[in-house]
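What follows is a short report on a single structure.
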Amino acid sequence: MTSGTVRLTTGQALVRFLAHQWTERDGERRRLFAGVFGIFGHGNVAGLGQGLLQAHVEAVEAGYDGEEHGPDELPYLMARNEQGMVHAAVAYARTTNRLQTFACTASIGPGSTNMVTGAALATIDRIPVLLLPSDVFATRLPDPVLQQLEHPLGPDVTVNDAFRPVSRYFDRIWRPEMLLASAPQAMRVLTDPAETGAVTLALPQDVQAEAYDWPVEFFRDRTWHVARPVPEPAALARAVATIRSARRPLLVAGGGVVYSQASDALRAFAEATGIPVADTQAGKGAIAWDHPLAVGGVGATGNDAANALAASADVVIGVGTRWTDFTTASHTVFAHEDVRFVNLNVAAFDAAKHAADMMVADARTGLTALADALAGYHPEDGYGDEIAERVAAWQGVTDACYDGTFEEAGQGEGGDDAVDETGAPRRERTAMAQTQVFGVLNELMRPTDVLINAAGSMPGDLQCLWRASSPEQYHLEYGYSCMGYEIPAALGVKLARPDATVVAIVGDGTYQMAPQEIATIVSEGLAVVLVLLDNGGYASIGALSESRGSQRFGTRFRTRNAGTRALDGAPTPVDLAANAASFGVRVIRVTTPEELRAAYLEAAAADETTIVHAVTDLYGANPPGSAWWDVPVAETSTLPSTQRARAEYTAARAAQRTYL
Ligand SMILES: Cc1ncc(C[n+]2csc(CCOP(=O)(O)OP(=O)(O)O)c2C)c(N)n1
Ligand SMILES: [Mg+2]
């Protein structure tokens with residue numbers, strides 16, 4: 001046993017502690033922290049910032065050459081926006097199946113609260129990330145300091161209390177020695193698959209610089225064993241009894257299947273039982289798209305085949321899914337009168353949803369146990385043929401969407417498409433449909449490459465169209481569907497998978513919201529591919545607005561029209577490709593699938609970041625929808641468009657179930 005103490009500041013001690021944390025699962029050991037993202041300000045420059053510098057300098061002096069960093073050192077990456085750095089950390093953690101992550105250090109006040117959105121995303125998506133917002137003086141001697149809230153009812157409340165509801169663990173380190181108790185608990189939550197999410201340690205700026213005599217033991221290497229909980233026998237027996245009673249079962253694979261690396265177990269389960277597998281945004285690719293029992297995306301943005309099977313399923317087995325409204329089509333897609341749920345989830349919270357038979361266990365161990373216990377079981381006769389027929393029909397639709405013939409095949413016909421809600425002509429479809437972009441990418445991307453997206457009209461199209469050949473190929477952030485995730489996520493994924501071609505699909509709305517981390521990507525010398533879909537507005541919200549009677553109000557990038565006083569003037573002349581080029585990256589402009597194909601091949605082969613600027617059509621064509629999403633429409637209105645939409649809404653809501 002090591003004994004004695006070492007005198008370090010809180011900042012220095014935290015760096016050393018974090019550098020010595022490891023995870024282990026299935027016998028493989030990894031550093032829990034690949035490094036620290038940060039942006040310095042007065043809150044952390046002299047505290048944690050000094051600690052990071054000192055660890056680096058000492059490692060260099062000790063002869064660590066940079067290939068392998070020093071044992072007490074954490075590599076530092078300078079971000080451009082605090083929200084972006086949390087996204088990058090989340091993307092890294094997700095890519096490593098939650099076995100590794102980054103810490104993020106920010107200054108007091110705005111630097112810290114800029115991370116709140118990232119914290120919410122991490123917690124909702126169940127992805128580990130350690131947030132280290134700086135905080136006001138513990139001593140309060142110089143109060144009020146720059147950027148201090150001064151809450152009138154409680155001086156111990158600071159802006160960082162905004163992290164509490166979006167963190168799975170929150171503490172404020174008012175004294176250095178509080179770290180001795182709190183830091184290990186923070187590590188426990190980060191590495192617990194059932195509890196993980198954003199973990200926040202708020203660090204008052206004076207405490208960061210304050211010295212303490214730390215027990216040397218605090219800095220020993222510590223390994224966190226990431227659990228694979230096994231199902232309780234009684235819970236397994238209940239689940240098996242329910243599944244054995246099913247004639248038309250359907251399994252829905254969520255992100256938990258991917259994070260548990262349970263693809264082989266899932267495939268074995270499907271093949272042993274003949275139960276088809278649908279997927280959520282986080283679970284897509286858990287089973288390869290061309291497996292005979294893979295039926296693809298289910299729910300509000302799901303495909304016809306999966307949704308038809310969902311509609312008649314008598315037992316629905318959710319594995320590693322949170323059952324969001326997109327997956328359940330707002331509680332309408334599972335429409336069988338007596339539908340029952342079996343939930344296999346490492347988190348009891350998620351397992352309990354929809355009055356399910358709860359199997360609280362790791363996805364891999366749970367699926368293996370289920371497959372064994374279901375020996376001899378099969379769904380009703382003819383189910384397999386029906387699945388094959390439905391999936392084949394949908395693959396025909398996908399082909400047509402990919403090659404751009406889908407619109408001609410049906411959707412473009414009919415009067416409604418020619419005019420908008422005000423009666424004005426709107427469809428001069430001159431640009432490529434984004435589904436054609438996905439067709440090109442799907443054909444060219446390898447199973448080991450990664451496609452990233454989070455918000456806009458793209459997630460819906462991808463959920464029903466993307467043919468994911470591996471779990472790592474499809475990286476959709478759809479728990480928070482946060483505009484601005486995509487570019488920093490490309491950074492995080494590339495750091496985790498340097499050999500993959502990492503492709504982020506970035507809408508023009510998302511690009512304008514948060515392009516900053518391109519600078520970080522460039523300064524780290526990383527080569528990623530960003531495909532910027534420039535359609536002149538919010539295709540997603542525009543279509544939603546129109547369908548809910550709000551006439552695409554405020555969803556196009558147009559200039560103010562002095563005549564109408566609305567934003568329906570000329571298209572805004574902002575040149576996003578030129579803007580992207582200003583980051584010092586290569587930009588290729590494309591307008592056709594053929595140009596895109598050539599640009600992608602060039603970009604994927606390049607050793608620098610490339611932005612492919614693709615002009616796409618704001619109005620689709622999008623794949624046909626087969627399910628509903630609950631977005632309430634104004635109950636009373638003077639606008640006929642809204643009145644019509646309200647009537648449709650009321651009718652659709654009648655199908656909503658409670659699953660109690
Ligand atoms: C941070 C954030 N703000 C607002 C939204 C709501 N929202 C969802 S999609 C969208 C528009 C996205 O526009 P763009 O990136 O151009 O994609 P497109 O809809 O054109 O495909 C908005 C505003 C969101 N998801 N995230
Ligand atoms: Mg757009």
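In the structure tokens, chains take the letters A, B, ... in the order shown, each chain's residues start at 1, and ligands count up from 1 in the order shown.
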Give the strand (DSSP E) residues of stretch 342-575 of chain A, as DSSP finds them on the backbone, and put them as a VMD selection string.
chain A and resid 342 to 345 357 to 360 450 to 453 474 to 476 502 to 507 529 to 534
Counting only C-alpha atoms and all ligand atoms, which protein, DNA or RNA residues come within 9 Å of ligand 2, given as a PDB file with N, CA, C and O atoms, in the first residue's frame?
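The result, stored in part07.pdb:
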ATOM      1  N   GLY A 456     -33.264  17.946 -38.041  1.00  0.00           N
ATOM      2  CA  GLY A 456     -33.699  18.379 -39.364  1.00  0.00           C
ATOM      3  C   GLY A 456     -34.610  17.337 -39.971  1.00  0.00           C
ATOM      4  O   GLY A 456     -35.182  16.490 -39.273  1.00  0.00           O
ATOM      5  N   SER A 457     -34.728  17.378 -41.293  1.00  0.00           N
ATOM      6  CA  SER A 457     -35.561  16.397 -41.983  1.00  0.00           C
ATOM      7  C   SER A 457     -34.791  15.107 -42.240  1.00  0.00           C
ATOM      8  O   SER A 457     -35.367  14.099 -42.636  1.00  0.00           O
ATOM      9  N   VAL A 506     -25.041  17.674 -42.388  1.00  0.00           N
ATOM     10  CA  VAL A 506     -25.291  18.923 -41.671  1.00  0.00           C
ATOM     11  C   VAL A 506     -26.305  19.753 -42.452  1.00  0.00           C
ATOM     12  O   VAL A 506     -26.038  20.152 -43.587  1.00  0.00           O
ATOM     13  N   GLY A 507     -27.461  20.010 -41.884  1.00  0.00           N
ATOM     14  CA  GLY A 507     -28.444  20.875 -42.527  1.00  0.00           C
ATOM     15  C   GLY A 507     -27.948  22.317 -42.547  1.00  0.00           C
ATOM     16  O   GLY A 507     -27.077  22.699 -41.755  1.00  0.00           O
ATOM     17  N   ASP A 508     -28.514  23.125 -43.434  1.00  0.00           N
ATOM     18  CA  ASP A 508     -28.063  24.527 -43.483  1.00  0.00           C
ATOM     19  C   ASP A 508     -28.509  25.287 -42.236  1.00  0.00           C
ATOM     20  O   ASP A 508     -27.838  26.239 -41.807  1.00  0.00           O
ATOM     21  N   GLY A 509     -29.603  24.854 -41.618  1.00  0.00           N
ATOM     22  CA  GLY A 509     -30.012  25.462 -40.353  1.00  0.00           C
ATOM     23  C   GLY A 509     -29.026  25.114 -39.257  1.00  0.00           C
ATOM     24  O   GLY A 509     -28.555  25.986 -38.510  1.00  0.00           O
ATOM     25  N   THR A 510     -28.692  23.852 -39.162  1.00  0.00           N
ATOM     26  CA  THR A 510     -27.713  23.400 -38.167  1.00  0.00           C
ATOM     27  C   THR A 510     -26.367  24.070 -38.393  1.00  0.00           C
ATOM     28  O   THR A 510     -25.706  24.502 -37.454  1.00  0.00           O
ATOM     29  N   TYR A 511     -25.953  24.166 -39.643  1.00  0.00           N
ATOM     30  CA  TYR A 511     -24.651  24.767 -39.936  1.00  0.00           C
ATOM     31  C   TYR A 511     -24.589  26.195 -39.403  1.00  0.00           C
ATOM     32  O   TYR A 511     -23.625  26.604 -38.763  1.00  0.00           O
ATOM     33  N   LEU A 533     -26.164  20.106 -46.412  1.00  0.00           N
ATOM     34  CA  LEU A 533     -27.351  20.088 -47.278  1.00  0.00           C
ATOM     35  C   LEU A 533     -28.007  21.464 -47.252  1.00  0.00           C
ATOM     36  O   LEU A 533     -28.672  21.838 -46.285  1.00  0.00           O
ATOM     37  N   ASP A 534     -27.796  22.209 -48.315  1.00  0.00           N
ATOM     38  CA  ASP A 534     -28.273  23.588 -48.388  1.00  0.00           C
ATOM     39  C   ASP A 534     -29.605  23.604 -49.123  1.00  0.00           C
ATOM     40  O   ASP A 534     -29.662  23.535 -50.351  1.00  0.00           O
ATOM     41  N   ASN A 535     -30.691  23.668 -48.353  1.00  0.00           N
ATOM     42  CA  ASN A 535     -32.025  23.682 -48.966  1.00  0.00           C
ATOM     43  C   ASN A 535     -32.772  24.983 -48.686  1.00  0.00           C
ATOM     44  O   ASN A 535     -33.975  25.084 -48.922  1.00  0.00           O
ATOM     45  N   GLY A 536     -32.074  25.959 -48.147  1.00  0.00           N
ATOM     46  CA  GLY A 536     -32.680  27.274 -47.997  1.00  0.00           C
ATOM     47  C   GLY A 536     -33.685  27.396 -46.863  1.00  0.00           C
ATOM     48  O   GLY A 536     -34.526  28.302 -46.872  1.00  0.00           O
ATOM     49  N   GLY A 537     -33.630  26.524 -45.897  1.00  0.00           N
ATOM     50  CA  GLY A 537     -34.555  26.669 -44.772  1.00  0.00           C
ATOM     51  C   GLY A 537     -34.649  25.419 -43.936  1.00  0.00           C
ATOM     52  O   GLY A 537     -33.780  24.546 -43.993  1.00  0.00           O
ATOM     53  N   TYR A 538     -35.702  25.366 -43.154  1.00  0.00           N
ATOM     54  CA  TYR A 538     -35.979  24.222 -42.291  1.00  0.00           C
ATOM     55  C   TYR A 538     -36.980  23.321 -43.006  1.00  0.00           C
ATOM     56  O   TYR A 538     -38.189  23.483 -42.854  1.00  0.00           O
ATOM     57  N   ALA A 539     -36.483  22.364 -43.770  1.00  0.00           N
ATOM     58  CA  ALA A 539     -37.402  21.463 -44.473  1.00  0.00           C
ATOM     59  C   ALA A 539     -38.288  20.728 -43.478  1.00  0.00           C
ATOM     60  O   ALA A 539     -39.488  20.556 -43.687  1.00  0.00           O
ATOM     61  N   SER A 540     -37.682  20.310 -42.389  1.00  0.00           N
ATOM     62  CA  SER A 540     -38.392  19.510 -41.390  1.00  0.00           C
ATOM     63  C   SER A 540     -39.536  20.295 -40.766  1.00  0.00           C
ATOM     64  O   SER A 540     -40.702  19.892 -40.814  1.00  0.00           O
ATOM     65  N   THR A 555     -40.038  29.480 -41.711  1.00  0.00           N
ATOM     66  CA  THR A 555     -39.158  28.312 -41.821  1.00  0.00           C
ATOM     67  C   THR A 555     -38.265  28.343 -43.060  1.00  0.00           C
ATOM     68  O   THR A 555     -37.613  27.358 -43.373  1.00  0.00           O
ATOM     69  N   ARG A 556     -38.279  29.471 -43.791  1.00  0.00           N
ATOM     70  CA  ARG A 556     -37.394  29.571 -44.959  1.00  0.00           C
ATOM     71  C   ARG A 556     -36.367  30.665 -44.703  1.00  0.00           C
ATOM     72  O   ARG A 556     -36.647  31.636 -44.003  1.00  0.00           O
ATOM     73  N   PHE A 557     -35.188  30.518 -45.283  1.00  0.00           N
ATOM     74  CA  PHE A 557     -34.181  31.572 -45.149  1.00  0.00           C
ATOM     75  C   PHE A 557     -34.438  32.621 -46.232  1.00  0.00           C
ATOM     76  O   PHE A 557     -33.863  32.573 -47.316  1.00  0.00           O
ATOM     77  N   THR A 616     -29.942  21.007 -52.133  1.00  0.00           N
ATOM     78  CA  THR A 616     -31.042  20.034 -52.135  1.00  0.00           C
ATOM     79  C   THR A 616     -32.376  20.759 -52.070  1.00  0.00           C
ATOM     80  O   THR A 616     -32.440  21.956 -51.776  1.00  0.00           O
ATOM     81  N   ASP A 617     -33.431  20.002 -52.336  1.00  0.00           N
ATOM     82  CA  ASP A 617     -34.764  20.596 -52.449  1.00  0.00           C
ATOM     83  C   ASP A 617     -35.443  20.698 -51.084  1.00  0.00           C
ATOM     84  O   ASP A 617     -35.530  19.713 -50.343  1.00  0.00           O
ATOM     85  N   LEU A 618     -35.934  21.894 -50.789  1.00  0.00           N
ATOM     86  CA  LEU A 618     -36.607  22.127 -49.500  1.00  0.00           C
ATOM     87  C   LEU A 618     -37.877  21.287 -49.365  1.00  0.00           C
ATOM     88  O   LEU A 618     -38.323  21.003 -48.262  1.00  0.00           O
TER      89      LEU A 618
END
Please provide as number ranges by chain all residues within 6 Å of stretch 298-314 of chain A, with the sequence filter that same-chain residues fewer than 4 positions apart are discarded (counting only C-alpha atoms). A: 248-249, 278, 326-329, 333-336, 339, 390-391, 460, 464, 626-629
Those residues with all heavy atoms, as a compact mmCIF listing (two decimals), in the first residue's frame please?
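selection-v8.txt, written as the output of this step:
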# COMPACT_ATOMS: atom_id res chain seq x y z
N ARG A 248 -47.63 -13.30 -33.02
CA ARG A 248 -47.00 -12.32 -33.92
C ARG A 248 -46.10 -11.39 -33.10
O ARG A 248 -46.39 -10.21 -32.95
CB ARG A 248 -48.07 -11.53 -34.66
CG ARG A 248 -48.99 -12.40 -35.54
CD ARG A 248 -50.07 -11.56 -36.19
NE ARG A 248 -49.51 -10.53 -37.05
CZ ARG A 248 -49.11 -10.74 -38.31
NH1 ARG A 248 -49.20 -11.94 -38.86
NH2 ARG A 248 -48.62 -9.75 -39.03
N PRO A 249 -44.99 -11.92 -32.59
CA PRO A 249 -44.10 -11.08 -31.78
C PRO A 249 -43.23 -10.17 -32.65
O PRO A 249 -42.98 -10.47 -33.82
CB PRO A 249 -43.24 -12.11 -31.04
CG PRO A 249 -43.18 -13.27 -31.99
CD PRO A 249 -44.49 -13.30 -32.72
N ALA A 278 -37.12 -4.92 -35.37
CA ALA A 278 -37.22 -3.54 -35.85
C ALA A 278 -36.21 -2.71 -35.08
O ALA A 278 -35.70 -3.15 -34.05
CB ALA A 278 -38.63 -3.01 -35.63
N PHE A 326 -41.22 8.90 -30.86
CA PHE A 326 -40.93 8.57 -32.26
C PHE A 326 -40.99 7.07 -32.49
O PHE A 326 -41.41 6.61 -33.55
CB PHE A 326 -39.58 9.15 -32.69
CG PHE A 326 -39.76 10.48 -33.38
CD1 PHE A 326 -39.93 11.64 -32.64
CD2 PHE A 326 -39.85 10.56 -34.75
CE1 PHE A 326 -40.16 12.85 -33.25
CE2 PHE A 326 -40.09 11.76 -35.39
CZ PHE A 326 -40.24 12.92 -34.64
N THR A 327 -40.60 6.30 -31.49
CA THR A 327 -40.62 4.84 -31.65
C THR A 327 -42.04 4.29 -31.56
O THR A 327 -42.40 3.36 -32.28
CB THR A 327 -39.70 4.19 -30.60
OG1 THR A 327 -38.39 4.73 -30.74
CG2 THR A 327 -39.64 2.68 -30.77
N THR A 328 -42.85 4.88 -30.70
CA THR A 328 -44.22 4.36 -30.53
C THR A 328 -45.21 5.08 -31.45
O THR A 328 -46.40 4.79 -31.41
CB THR A 328 -44.71 4.52 -29.08
OG1 THR A 328 -44.86 5.92 -28.80
CG2 THR A 328 -43.77 3.89 -28.07
N ALA A 329 -44.72 6.02 -32.26
CA ALA A 329 -45.61 6.90 -33.03
C ALA A 329 -46.65 7.49 -32.07
O ALA A 329 -47.86 7.42 -32.29
CB ALA A 329 -46.27 6.16 -34.19
N VAL A 333 -48.56 3.15 -32.83
CA VAL A 333 -48.13 2.16 -33.83
C VAL A 333 -48.33 0.72 -33.33
O VAL A 333 -48.55 -0.18 -34.13
CB VAL A 333 -46.68 2.43 -34.29
CG1 VAL A 333 -45.65 1.87 -33.32
CG2 VAL A 333 -46.45 1.84 -35.68
N PHE A 334 -48.29 0.53 -32.03
CA PHE A 334 -48.55 -0.81 -31.48
C PHE A 334 -50.05 -0.88 -31.20
O PHE A 334 -50.52 -0.47 -30.14
CB PHE A 334 -47.69 -1.06 -30.24
CG PHE A 334 -46.22 -0.91 -30.55
CD1 PHE A 334 -45.50 0.18 -30.08
CD2 PHE A 334 -45.57 -1.84 -31.35
CE1 PHE A 334 -44.16 0.33 -30.40
CE2 PHE A 334 -44.23 -1.69 -31.68
CZ PHE A 334 -43.52 -0.60 -31.20
N ALA A 335 -50.77 -1.36 -32.20
CA ALA A 335 -52.22 -1.16 -32.21
C ALA A 335 -53.02 -2.41 -31.90
O ALA A 335 -54.26 -2.36 -31.83
CB ALA A 335 -52.64 -0.62 -33.58
N HIS A 336 -52.35 -3.56 -31.72
CA HIS A 336 -53.09 -4.79 -31.40
C HIS A 336 -53.89 -4.57 -30.12
O HIS A 336 -53.37 -4.05 -29.13
CB HIS A 336 -52.10 -5.94 -31.23
CG HIS A 336 -52.74 -7.29 -31.08
ND1 HIS A 336 -53.37 -7.69 -29.93
CD2 HIS A 336 -52.84 -8.32 -31.96
CE1 HIS A 336 -53.83 -8.92 -30.09
NE2 HIS A 336 -53.53 -9.32 -31.32
N VAL A 339 -52.17 -5.92 -27.03
CA VAL A 339 -50.70 -5.92 -27.10
C VAL A 339 -50.09 -5.89 -25.69
O VAL A 339 -50.56 -5.19 -24.80
CB VAL A 339 -50.19 -4.72 -27.95
CG1 VAL A 339 -50.54 -3.38 -27.31
CG2 VAL A 339 -48.69 -4.83 -28.17
N ARG A 390 -43.22 -8.06 -47.02
CA ARG A 390 -43.33 -6.64 -46.63
C ARG A 390 -42.00 -5.93 -46.77
O ARG A 390 -41.92 -4.80 -47.26
CB ARG A 390 -43.83 -6.52 -45.19
CG ARG A 390 -45.27 -6.94 -44.99
CD ARG A 390 -45.74 -6.53 -43.59
NE ARG A 390 -47.05 -7.05 -43.27
CZ ARG A 390 -48.20 -6.48 -43.65
NH1 ARG A 390 -48.18 -5.38 -44.39
NH2 ARG A 390 -49.36 -7.02 -43.31
N VAL A 391 -40.93 -6.58 -46.33
CA VAL A 391 -39.62 -5.95 -46.39
C VAL A 391 -39.20 -5.75 -47.84
O VAL A 391 -38.67 -4.70 -48.22
CB VAL A 391 -38.57 -6.77 -45.60
CG1 VAL A 391 -37.16 -6.25 -45.85
CG2 VAL A 391 -38.89 -6.73 -44.10
N GLY A 460 -35.50 11.55 -40.07
CA GLY A 460 -36.68 10.80 -40.47
C GLY A 460 -36.42 9.98 -41.72
O GLY A 460 -36.74 8.79 -41.78
N CYS A 464 -36.00 5.55 -41.98
CA CYS A 464 -36.71 4.55 -42.79
C CYS A 464 -35.90 4.07 -43.99
O CYS A 464 -36.19 3.00 -44.52
CB CYS A 464 -38.10 5.04 -43.18
SG CYS A 464 -38.16 6.48 -44.19
N SER A 626 -45.91 6.37 -42.69
CA SER A 626 -46.99 5.45 -42.41
C SER A 626 -47.41 5.51 -40.95
O SER A 626 -48.10 4.64 -40.46
CB SER A 626 -46.57 4.02 -42.77
OG SER A 626 -45.36 3.69 -42.12
N ALA A 627 -46.98 6.54 -40.24
CA ALA A 627 -47.37 6.64 -38.83
C ALA A 627 -47.47 8.11 -38.42
O ALA A 627 -47.06 9.00 -39.15
CB ALA A 627 -46.37 5.92 -37.94
N TRP A 628 -48.00 8.29 -37.24
CA TRP A 628 -48.38 9.62 -36.77
C TRP A 628 -47.39 10.11 -35.74
O TRP A 628 -46.66 9.33 -35.12
CB TRP A 628 -49.77 9.46 -36.13
CG TRP A 628 -50.43 10.71 -35.63
CD1 TRP A 628 -50.82 11.80 -36.36
CD2 TRP A 628 -50.82 10.97 -34.27
NE1 TRP A 628 -51.43 12.71 -35.55
CE2 TRP A 628 -51.44 12.23 -34.26
CE3 TRP A 628 -50.71 10.26 -33.07
CZ2 TRP A 628 -51.95 12.81 -33.09
CZ3 TRP A 628 -51.21 10.82 -31.92
CH2 TRP A 628 -51.83 12.08 -31.92
N TRP A 629 -47.34 11.43 -35.53
CA TRP A 629 -46.56 12.02 -34.44
C TRP A 629 -47.44 13.06 -33.77
O TRP A 629 -48.04 13.90 -34.46
CB TRP A 629 -45.28 12.66 -34.99
CG TRP A 629 -44.36 13.20 -33.94
CD1 TRP A 629 -44.16 12.70 -32.69
CD2 TRP A 629 -43.53 14.36 -34.05
NE1 TRP A 629 -43.23 13.47 -32.03
CE2 TRP A 629 -42.83 14.48 -32.83
CE3 TRP A 629 -43.29 15.29 -35.07
CZ2 TRP A 629 -41.92 15.51 -32.59
CZ3 TRP A 629 -42.40 16.31 -34.84
CH2 TRP A 629 -41.70 16.41 -33.61
Review point. Out of A:Asp568, A:Asp213, A:Asp461, A:Asp575, which residue has the shortest atom-to-atom distance to ligand 1 when counting only C-alpha atoms and all ligand atoms?
Key: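 Going through A:Asp568, A:Asp213, A:Asp461, A:Asp575 one by one, the smallest distance to ligand 1 is for A:Asp461.
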Nearest to A:Leu132, restricted to only C-alpha atoms and choosing among A:Gly66, A:Pro231, A:Gly255, A:Gly49, comes out as A:Gly49
Pairwise distance, atom CA of A:Gly27 with atom CA of A:Pro128, equals 20.3 Å
- Which polymer residues have any atom within 7 Å of an atom of A:Ala500, counting only C-alpha atoms, with same-chain residues fewer than 2 positions away left out, as an MDAnalysis selection string? chainID A and resid 448:450 497:498 502
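Using only C-alpha atoms, the contacts of A:Ala194 at a cut-off of 9 Å, with sequence neighbours closer than 2 positions omitted, comprise Arg126, Val189, Thr191, Asp192, Thr196, Asn345, Val346, Ala347, Ala348 and Phe349 of chain A.
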With N, CA, C and O atoms kept, could you save the residues just selected as a CSV table (one decimal), in the first residue's frame?
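Here's the written file out.csv:
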chain,number,residue,atom,x,y,z
A,126,ARG,N,-28.3,8.8,-22.4
A,126,ARG,CA,-27.6,7.8,-21.5
A,126,ARG,C,-26.2,7.6,-21.9
A,126,ARG,O,-25.7,6.5,-22.1
A,189,VAL,N,-21.0,6.7,-11.3
A,189,VAL,CA,-22.1,7.0,-12.1
A,189,VAL,C,-21.8,7.0,-13.6
A,189,VAL,O,-22.5,6.4,-14.4
A,191,THR,N,-19.7,5.2,-15.1
A,191,THR,CA,-19.4,3.8,-15.6
A,191,THR,C,-20.5,2.8,-15.3
A,191,THR,O,-20.4,1.7,-15.6
A,192,ASP,N,-21.6,3.3,-14.7
A,192,ASP,CA,-22.7,2.4,-14.5
A,192,ASP,C,-23.7,2.5,-15.6
A,192,ASP,O,-24.3,3.6,-15.9
A,196,THR,N,-25.8,6.1,-16.1
A,196,THR,CA,-24.9,7.0,-16.7
A,196,THR,C,-25.6,8.2,-17.4
A,196,THR,O,-26.7,8.1,-17.7
A,345,ASN,N,-34.0,-4.3,-20.2
A,345,ASN,CA,-33.2,-3.1,-20.2
A,345,ASN,C,-32.4,-3.1,-18.9
A,345,ASN,O,-32.8,-3.6,-17.9
A,346,VAL,N,-31.2,-2.5,-19.0
A,346,VAL,CA,-30.3,-2.5,-17.9
A,346,VAL,C,-30.8,-1.5,-16.8
A,346,VAL,O,-30.5,-1.6,-15.6
A,347,ALA,N,-31.6,-0.5,-17.3
A,347,ALA,CA,-32.2,0.5,-16.4
A,347,ALA,C,-33.7,0.1,-16.0
A,347,ALA,O,-34.5,0.0,-16.9
A,348,ALA,N,-34.0,-0.1,-14.8
A,348,ALA,CA,-35.3,-0.5,-14.4
A,348,ALA,C,-36.3,0.6,-14.8
A,348,ALA,O,-37.5,0.3,-15.2
A,349,PHE,N,-35.9,1.8,-14.8
A,349,PHE,CA,-36.7,2.9,-15.2
A,349,PHE,C,-37.3,2.7,-16.6
A,349,PHE,O,-38.5,2.9,-16.8
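The smallest atom-to-atom distance between ligand 1 and any of A:Met513, A:Met187, A:Ala88, A:Ile243, using only C-alpha atoms and all ligand atoms, is found for A:Met513.
Using only C-alpha atoms and all ligand atoms, the shortest contact distance between ligand 1 and any of A:Tyr480, A:Phe553, A:Phe341, A:Tyr600 is found at A:Tyr480.
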**Request:** With a distance cut-off of 9 Å and only C-alpha atoms, select the neighbouring residues of A:Thr365, excluding the residue or stretch itself and same-chain residues fewer than 6 positions from it, and output the selection as a PyMOL selection string.
**Result:** chain A and resi 228-231+262+265
- Message: Please list as a ChimeraX atom specification every residue within 12 Å of A:Pro573, counting only C-alpha atoms and excluding residues in the same chain fewer than 4 positions away.
- Response: /A:536,557-559,569,577-579
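Among the candidates A:Ala371, A:Ala603, A:Ala209, A:Ala120, the residue lying nearest to ligand 1 is A:Ala120 (atoms considered: only C-alpha atoms and all ligand atoms).
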Ligand 1 proximity check over A:Ala490, A:Ala455, A:Val587, A:Ala647, using only C-alpha atoms and all ligand atoms: winner is A:Ala455
